[in-house]
file work.pdb (PDB, C-alpha atoms)
MODEL        1
ATOM      1  CA  MET M 175      86.671 126.483  28.704
ATOM      2  CA  VAL M 176      90.355 127.312  28.426
ATOM      3  CA  ASN M 177      91.537 123.687  28.531
ATOM      4  CA  GLU M 178      89.272 122.732  25.624
ATOM      5  CA  LYS M 179      90.195 125.823  23.615
ATOM      6  CA  ILE M 180      93.917 125.096  24.035
ATOM      7  CA  ALA M 181      93.387 121.406  23.261
ATOM      8  CA  ALA M 182      91.643 122.266  19.987
ATOM      9  CA  LEU M 183      94.377 124.744  19.132
ATOM     10  CA  LEU M 184      97.165 122.226  19.758
ATOM     11  CA  LEU M 185      95.401 119.655  17.583
ATOM     12  CA  ASP M 186      94.755 122.168  14.790
ATOM     13  CA  ILE M 187      98.431 123.146  14.467
ATOM     14  CA  GLU M 188      99.508 119.527  15.100
ATOM     15  CA  ALA M 189     101.548 120.485  18.145
ATOM     16  CA  VAL M 190      99.776 117.482  19.643
ATOM     17  CA  PHE M 191      99.400 114.528  17.325
ATOM     18  CA  LEU M 192      97.511 111.312  18.181
ATOM     19  CA  SER M 193      98.454 108.071  16.467
ATOM     20  CA  PRO M 194      97.535 104.983  18.520
ATOM     21  CA  ASP M 195      97.868 102.625  15.537
ATOM     22  CA  LYS M 196     101.310 103.896  14.540
ATOM     23  CA  PRO M 197     102.891 104.880  17.860
ATOM     24  CA  PHE M 198     105.839 107.167  18.317
ATOM     25  CA  THR M 199     109.010 106.033  20.081
ATOM     26  CA  TRP M 200     110.326 108.345  22.784
ATOM     27  CA  ALA M 201     114.037 108.736  23.487
ATOM     28  CA  SER M 202     113.530 106.432  26.479
ATOM     29  CA  GLY M 203     112.290 103.692  24.137
ATOM     30  CA  ILE M 204     108.693 103.964  25.351
ATOM     31  CA  LYS M 205     106.033 103.514  22.669
ATOM     32  CA  SER M 206     103.566 106.384  22.781
ATOM     33  CA  PRO M 207     100.213 106.980  21.022
ATOM     34  CA  ILE M 208     100.712 110.725  21.395
ATOM     35  CA  TYR M 209     103.394 113.153  20.343
ATOM     36  CA  CYS M 210     103.645 116.718  21.591
ATOM     37  CA  ASP M 211     105.829 119.435  20.061
ATOM     38  CA  ASN M 212     104.826 122.776  21.545
ATOM     39  CA  ARG M 213     107.649 124.501  19.675
ATOM     40  CA  LEU M 214     105.174 124.670  16.807
ATOM     41  CA  ILE M 215     103.232 127.228  18.827
ATOM     42  CA  LEU M 216     106.053 129.700  18.335
ATOM     43  CA  THR M 217     105.722 129.622  14.550
ATOM     44  CA  ALA M 218     101.919 129.990  14.571
ATOM     45  CA  GLU M 219     101.367 133.701  15.206
ATOM     46  CA  ASP M 220      97.663 133.797  16.056
ATOM     47  CA  GLU M 221      97.781 130.629  18.144
ATOM     48  CA  ARG M 222     100.888 131.859  19.934
ATOM     49  CA  VAL M 223      99.052 134.969  21.113
ATOM     50  CA  ILE M 224      96.228 132.813  22.486
ATOM     51  CA  VAL M 225      98.581 130.466  24.343
ATOM     52  CA  GLU M 226     100.831 133.144  25.826
ATOM     53  CA  THR M 227      97.836 135.217  26.899
ATOM     54  CA  ALA M 228      96.339 132.126  28.550
ATOM     55  CA  ILE M 229      99.589 131.515  30.454
ATOM     56  CA  ALA M 230      99.655 135.149  31.573
ATOM     57  CA  ASP M 231      96.018 135.029  32.704
ATOM     58  CA  THR M 232      96.683 131.790  34.596
ATOM     59  CA  ILE M 233      99.596 133.356  36.459
ATOM     60  CA  LYS M 234      97.525 136.407  37.387
ATOM     61  CA  GLN M 235      94.723 134.195  38.657
ATOM     62  CA  GLU M 236      96.644 131.366  40.340
ATOM     63  CA  PHE M 237      99.880 133.085  41.392
ATOM     64  CA  PRO M 238      99.156 136.817  41.827
ATOM     65  CA  GLU M 239     102.220 137.309  44.044
ATOM     66  CA  THR M 240     104.649 136.310  41.264
ATOM     67  CA  GLU M 241     107.778 138.460  41.105
ATOM     68  CA  ILE M 242     109.799 136.672  38.423
ATOM     69  CA  LEU M 243     109.325 133.929  35.811
ATOM     70  CA  MET M 244     111.821 131.165  35.166
ATOM     71  CA  GLY M 245     111.659 129.073  32.000
ATOM     72  CA  THR M 246     112.848 125.496  31.727
ATOM     73  CA  ALA M 247     115.640 124.898  29.239
ATOM     74  CA  THR M 248     115.150 124.901  26.447
ATOM     75  CA  ALA M 249     111.500 124.663  25.479
ATOM     76  CA  GLY M 250     110.144 126.835  28.270
ATOM     77  CA  ILE M 251     112.480 129.772  27.689
ATOM     78  CA  ALA M 252     110.653 131.449  24.811
ATOM     79  CA  HIS M 253     107.272 131.110  26.503
ATOM     80  CA  ALA M 254     108.646 132.539  29.753
ATOM     81  CA  ALA M 255     110.125 135.493  27.872
ATOM     82  CA  ILE M 256     106.914 136.302  26.013
ATOM     83  CA  VAL M 257     104.725 135.982  29.096
ATOM     84  CA  ALA M 258     107.152 138.023  31.208
ATOM     85  CA  HIS M 259     106.839 140.781  28.593
ATOM     86  CA  LEU M 260     103.041 140.626  28.790
ATOM     87  CA  LEU M 261     103.090 140.773  32.591
ATOM     88  CA  HIS M 262     105.934 143.314  32.842
ATOM     89  CA  LEU M 263     107.951 140.885  34.961
ATOM     90  CA  PRO M 264     111.638 139.917  34.938
ATOM     91  CA  MET M 265     112.519 136.452  33.674
ATOM     92  CA  GLY M 266     115.372 134.029  33.476
ATOM     93  CA  TYR M 267     115.824 130.365  32.863
ATOM     94  CA  VAL M 268     117.309 127.281  34.458
ATOM     95  CA  ARG M 269     119.770 125.096  32.586
ATOM     96  CA  SER M 270     119.540 121.317  32.725
ATOM     97  CA  SER M 271     123.117 121.409  33.999
ATOM     98  CA  SER M 272     125.622 124.101  34.951
ATOM     99  CA  LYS M 273     127.723 125.723  32.241
ATOM    100  CA  GLY M 274     131.188 124.277  31.881
ATOM    101  CA  HIS M 275     132.784 127.685  31.456
ATOM    102  CA  GLY M 276     132.581 131.299  32.649
ATOM    103  CA  ARG M 277     130.646 131.615  35.902
ATOM    104  CA  GLN M 278     129.290 128.065  35.472
ATOM    105  CA  ASN M 279     125.744 129.249  36.043
ATOM    106  CA  LYS M 280     122.804 126.889  36.185
ATOM    107  CA  ILE M 281     120.330 129.716  36.712
ATOM    108  CA  GLU M 282     120.544 132.469  34.105
ATOM    109  CA  GLY M 283     119.257 135.924  34.950
ATOM    110  CA  ARG M 284     119.328 137.819  38.227
ATOM    111  CA  LEU M 285     117.483 135.898  40.931
ATOM    112  CA  LYS M 286     117.255 137.529  44.351
ATOM    113  CA  PRO M 287     116.977 135.418  47.524
ATOM    114  CA  GLY M 288     113.350 135.141  48.610
ATOM    115  CA  GLN M 289     111.886 136.137  45.231
ATOM    116  CA  LYS M 290     108.558 134.546  44.415
ATOM    117  CA  VAL M 291     108.993 132.488  41.252
ATOM    118  CA  VAL M 292     106.688 130.718  38.814
ATOM    119  CA  VAL M 293     108.293 128.150  36.540
ATOM    120  CA  ILE M 294     107.139 128.036  32.910
ATOM    121  CA  GLU M 295     107.230 124.622  31.217
ATOM    122  CA  ASP M 296     105.919 123.680  27.788
ATOM    123  CA  LEU M 297     105.243 119.982  28.441
ATOM    124  CA  ILE M 298     105.054 117.729  31.503
ATOM    125  CA  SER M 299     105.461 113.973  31.100
ATOM    126  CA  THR M 300     107.084 112.257  34.095
ATOM    127  CA  GLY M 301     107.751 115.611  35.765
ATOM    128  CA  GLY M 302     111.378 114.821  36.536
ATOM    129  CA  SER M 303     113.054 117.604  34.572
ATOM    130  CA  VAL M 304     110.766 120.411  35.747
ATOM    131  CA  MET M 305     111.103 119.183  39.333
ATOM    132  CA  GLU M 306     114.879 119.514  38.983
ATOM    133  CA  THR M 307     114.292 123.117  37.932
ATOM    134  CA  VAL M 308     112.154 123.746  41.004
ATOM    135  CA  LEU M 309     114.778 122.239  43.314
ATOM    136  CA  ALA M 310     117.572 124.316  41.719
ATOM    137  CA  LEU M 311     115.579 127.495  42.313
ATOM    138  CA  GLN M 312     114.786 126.543  45.882
ATOM    139  CA  GLU M 313     118.450 125.787  46.561
ATOM    140  CA  ALA M 314     119.240 129.292  45.237
ATOM    141  CA  GLY M 315     116.890 130.759  47.832
ATOM    142  CA  ALA M 316     113.824 131.404  45.691
ATOM    143  CA  GLU M 317     110.261 130.808  46.829
ATOM    144  CA  VAL M 318     108.726 128.708  44.068
ATOM    145  CA  LEU M 319     104.994 129.407  43.988
ATOM    146  CA  GLY M 320     104.340 126.756  41.367
ATOM    147  CA  ILE M 321     104.562 125.629  37.772
ATOM    148  CA  VAL M 322     102.492 126.632  34.751
ATOM    149  CA  SER M 323     102.694 124.314  31.754
ATOM    150  CA  ILE M 324     101.020 124.368  28.371
ATOM    151  CA  PHE M 325     100.289 120.642  28.303
ATOM    152  CA  THR M 326     100.547 117.656  30.628
ATOM    153  CA  TYR M 327     100.207 113.932  30.043
ATOM    154  CA  ARG M 328      98.813 113.629  33.602
ATOM    155  CA  MET M 329     100.949 110.582  34.274
ATOM    156  CA  LYS M 330     100.591 109.175  37.769
ATOM    157  CA  LYS M 331     104.343 109.410  38.255
ATOM    158  CA  SER M 332     104.331 113.172  37.708
ATOM    159  CA  GLU M 333     101.259 113.818  39.829
ATOM    160  CA  GLU M 334     102.701 111.782  42.710
ATOM    161  CA  LEU M 335     106.027 113.617  42.356
ATOM    162  CA  PHE M 336     104.415 117.047  42.598
ATOM    163  CA  GLU M 337     102.189 115.969  45.476
ATOM    164  CA  THR M 338     105.141 114.566  47.419
ATOM    165  CA  ASN M 339     107.103 117.785  46.929
ATOM    166  CA  LYS M 340     104.036 119.969  47.560
ATOM    167  CA  VAL M 341     104.397 121.814  44.287
ATOM    168  CA  LYS M 342     101.312 123.415  42.734
ATOM    169  CA  VAL M 343     101.018 122.746  39.003
ATOM    170  CA  VAL M 344      98.524 124.366  36.635
ATOM    171  CA  SER M 345      98.390 123.234  33.001
ATOM    172  CA  LEU M 346      96.460 124.918  30.212
ATOM    173  CA  SER M 347      95.390 121.553  28.829
ATOM    174  CA  ASP M 348      95.983 117.826  29.260
ATOM    175  CA  ILE M 349      95.800 114.450  27.575
ATOM    176  CA  ASP M 350      92.221 113.755  28.718
ATOM    177  CA  THR M 351      90.920 117.000  27.236
ATOM    178  CA  VAL M 352      92.847 116.494  23.995
ATOM    179  CA  CYS M 353      91.283 113.036  23.637
ATOM    180  CA  LYS M 354      87.815 114.491  24.203
ATOM    181  CA  ILE M 355      88.272 117.226  21.592
ATOM    182  CA  ALA M 356      89.975 114.860  19.130
ATOM    183  CA  ALA M 357      86.987 112.515  19.352
ATOM    184  CA  GLN M 358      84.614 115.424  18.705
ATOM    185  CA  LYS M 359      86.668 116.253  15.623
ATOM    186  CA  LYS M 360      86.470 112.560  14.635
ATOM    187  CA  LEU M 361      90.249 112.251  14.678
ATOM    188  CA  ILE M 362      90.088 109.243  17.020
ATOM    189  CA  THR M 363      87.485 106.725  18.201
ATOM    190  CA  ALA M 364      86.190 105.873  21.666
ATOM    191  CA  ASN M 365      88.370 102.761  21.610
ATOM    192  CA  ASP M 366      91.377 104.921  20.772
ATOM    193  CA  ILE M 367      90.653 107.049  23.840
ATOM    194  CA  ASP M 368      90.670 103.955  26.055
ATOM    195  CA  ARG M 369      94.028 102.921  24.636
ATOM    196  CA  ILE M 370      95.578 106.376  24.990
ATOM    197  CA  LEU M 371      94.429 106.714  28.592
ATOM    198  CA  ALA M 372      95.726 103.219  29.358
ATOM    199  CA  PHE M 373      99.101 104.462  28.116
ATOM    200  CA  ARG M 374      98.768 107.531  30.340
ATOM    201  CA  ASP M 375      98.145 105.369  33.409
ATOM    202  CA  ASN M 376     101.106 103.057  32.780
ATOM    203  CA  PRO M 377     103.486 103.995  29.919
ATOM    204  CA  GLN M 378     105.697 100.966  30.601
ATOM    205  CA  ASP M 379     102.812  98.560  29.978
ATOM    206  CA  GLU M 380     102.519  98.216  26.195
ATOM    207  CA  SER M 381      99.338  96.134  26.282
ATOM    208  CA  TRP M 382      97.439  99.205  25.071
ATOM    209  CA  LEU M 383      99.042  98.537  21.678
ATOM    210  CA  ASN M 384      96.834  95.449  21.376
ATOM    211  CA  ASN M 385      93.722  96.867  23.010
ATOM    212  CA  GLY M 386      94.825  95.667  26.436
ATOM    213  CA  LYS M 387      95.252  92.037  25.346
TER     214      LYS M 387
ENDMDL
END

call {"tool": "encode", "arguments": {"input": "work.pdb", "output": "structure tokens"}}
result
Amino acid sequence: MVNEKIAALLLDIEAVFLSPDKPFTWASGIKSPIYCDNRLILTAEDERVIVETAIADTIKQEFPETEILMGTATAGIAHAAIVAHLLHLPMGYVRSSSKGHGRQNKIEGRLKPGQKVVVIEDLISTGGSVMETVLALQEAGAEVLGIVSIFTYRMKKSEELFETNKVKVVSLSDIDTVCKIAAQKKLITANDIDRILAFRDNPQDESWLNNGK
């Protein structure tokens, strides 16, 4: 299955790293048992081909009407460019905020009103930043068919956000699948999985650090 293949790949190149006993601290201050850096895909040639091909195949299967790809800044830009090349599609990207000079663009690249767009994102956590991208494109007159991401934490907050806004999201892999494959590789234990998924369900609740106690 694609999700398991991508999960194994991300673990092998340490783009996804699990460390429930020595958690990472996100910029928000949240303690996390998982760290994801999909930029490492770009420097792993063989794995990069697999990932970009999987994104392209997903777009062809899930969003066959796609006319243009838009990457999220900055991590989604390279993936959008590579996949657009594979699919012979135009691409652009959406800034997190408008430029402070020149034409003060937020959307880079030529986007025509009514064009059918798929957004390319490397990682979805709370979903807030990619949803801002979707809204910016919609305000510019685009028809956003959906989002394709490489990895998602499957946090309830993000899934509720996408459901509320009726946005279709397809991810190559997710935290549940990574935990399953990591356990098969004996990188984590069954108890570790419980702790990691407890984090997924409520990142603000740090009781998972002490096995829920």

call {"tool": "resolve_selection", "arguments": {"input": "work.pdb", "expression": "the PyMOL selection byres ((chain M and resi 312) around 12)", "output": "VMD selection string"}}
result
chain M and resid 268 281 285 to 293 305 to 311 313 to 320 339 341

call {"tool": "residues_around", "arguments": {"input": "work.pdb", "residues": "M:Asp366", "least_positions_apart": "4", "cutoff": "8 Å", "atoms": "all atoms listed in the file", "output": "list in words"}}
result
Pro194, Ile362 and Ile370 of chain M

call {"tool": "resolve_selection", "arguments": {"input": "work.pdb", "expression": "the PyMOL selection byres ((chain M and resi 193) around 10)", "output": "ChimeraX atom specification"}}
result
/M:191-192,194-198,206-209,361-362,366,370

call {"tool": "residues_around", "arguments": {"input": "work.pdb", "residues": "M:Leu263", "least_positions_apart": "6", "cutoff": "8 Å", "atoms": "all atoms listed in the file", "output": "MDAnalysis selection string"}}
result
chainID M and resid 241:243

call {"tool": "closest_residue", "arguments": {"input": "work.pdb", "among": "M:Asn212, M:Thr363, M:Ser323, M:Asn384", "to": "M:Val344", "atoms": "only C-alpha atoms"}}
result
M:Ser323

call {"tool": "closest_residue", "arguments": {"input": "work.pdb", "among": "M:Asn385, M:Thr217, M:Thr338, M:Gln378", "to": "M:Ile204", "atoms": "only C-alpha atoms"}}
result
M:Gln378

call {"tool": "resolve_selection", "arguments": {"input": "work.pdb", "expression": "the PyMOL selection byres ((chain M and resi 296) around 8)", "output": "tab-separated table (two decimals) with C-alpha atoms, keeping the file's coordinate frame"}}
result
chain	number	residue	atom	x	y	z
M	212	ASN	CA	104.83	122.78	21.54
M	249	ALA	CA	111.50	124.66	25.48
M	250	GLY	CA	110.14	126.84	28.27
M	253	HIS	CA	107.27	131.11	26.50
M	294	ILE	CA	107.14	128.04	32.91
M	295	GLU	CA	107.23	124.62	31.22
M	297	LEU	CA	105.24	119.98	28.44
M	298	ILE	CA	105.05	117.73	31.50
M	323	SER	CA	102.69	124.31	31.75
M	324	ILE	CA	101.02	124.37	28.37
M	325	PHE	CA	100.29	120.64	28.30

call {"tool": "closest_residue", "arguments": {"input": "work.pdb", "among": "M:Ser332, M:Arg369, M:Lys340, M:Glu221", "to": "M:Ser381", "atoms": "all atoms listed in the file"}}
result
M:Arg369

call {"tool": "axis_aligned_box", "arguments": {"input": "work.pdb", "around": "stretch 185-198 of chain M", "padding_each_side": "4 Å", "output": "AutoDock Vina command-line options"}}
result
--center_x 100.3 --center_y 112.9 --center_z 17.1 --size_x 19.1 --size_y 28.5 --size_z 13.2

call {"tool": "closest_residue", "arguments": {"input": "work.pdb", "among": "M:Asp186, M:Glu178, M:Glu219, M:Asp350", "to": "M:Ala372", "atoms": "all atoms listed in the file"}}
result
M:Asp350

call {"tool": "atom_distance", "arguments": {"input": "work.pdb", "atom1": "atom CA of M:Lys354", "atom2": "atom CA of M:Ile367"}}
result
8.0 Å

call {"tool": "closest_residue", "arguments": {"input": "work.pdb", "among": "M:Ile229, M:Ala252, M:Asn365, M:Trp200", "to": "M:Leu216", "atoms": "all atoms listed in the file"}}
result
M:Ala252
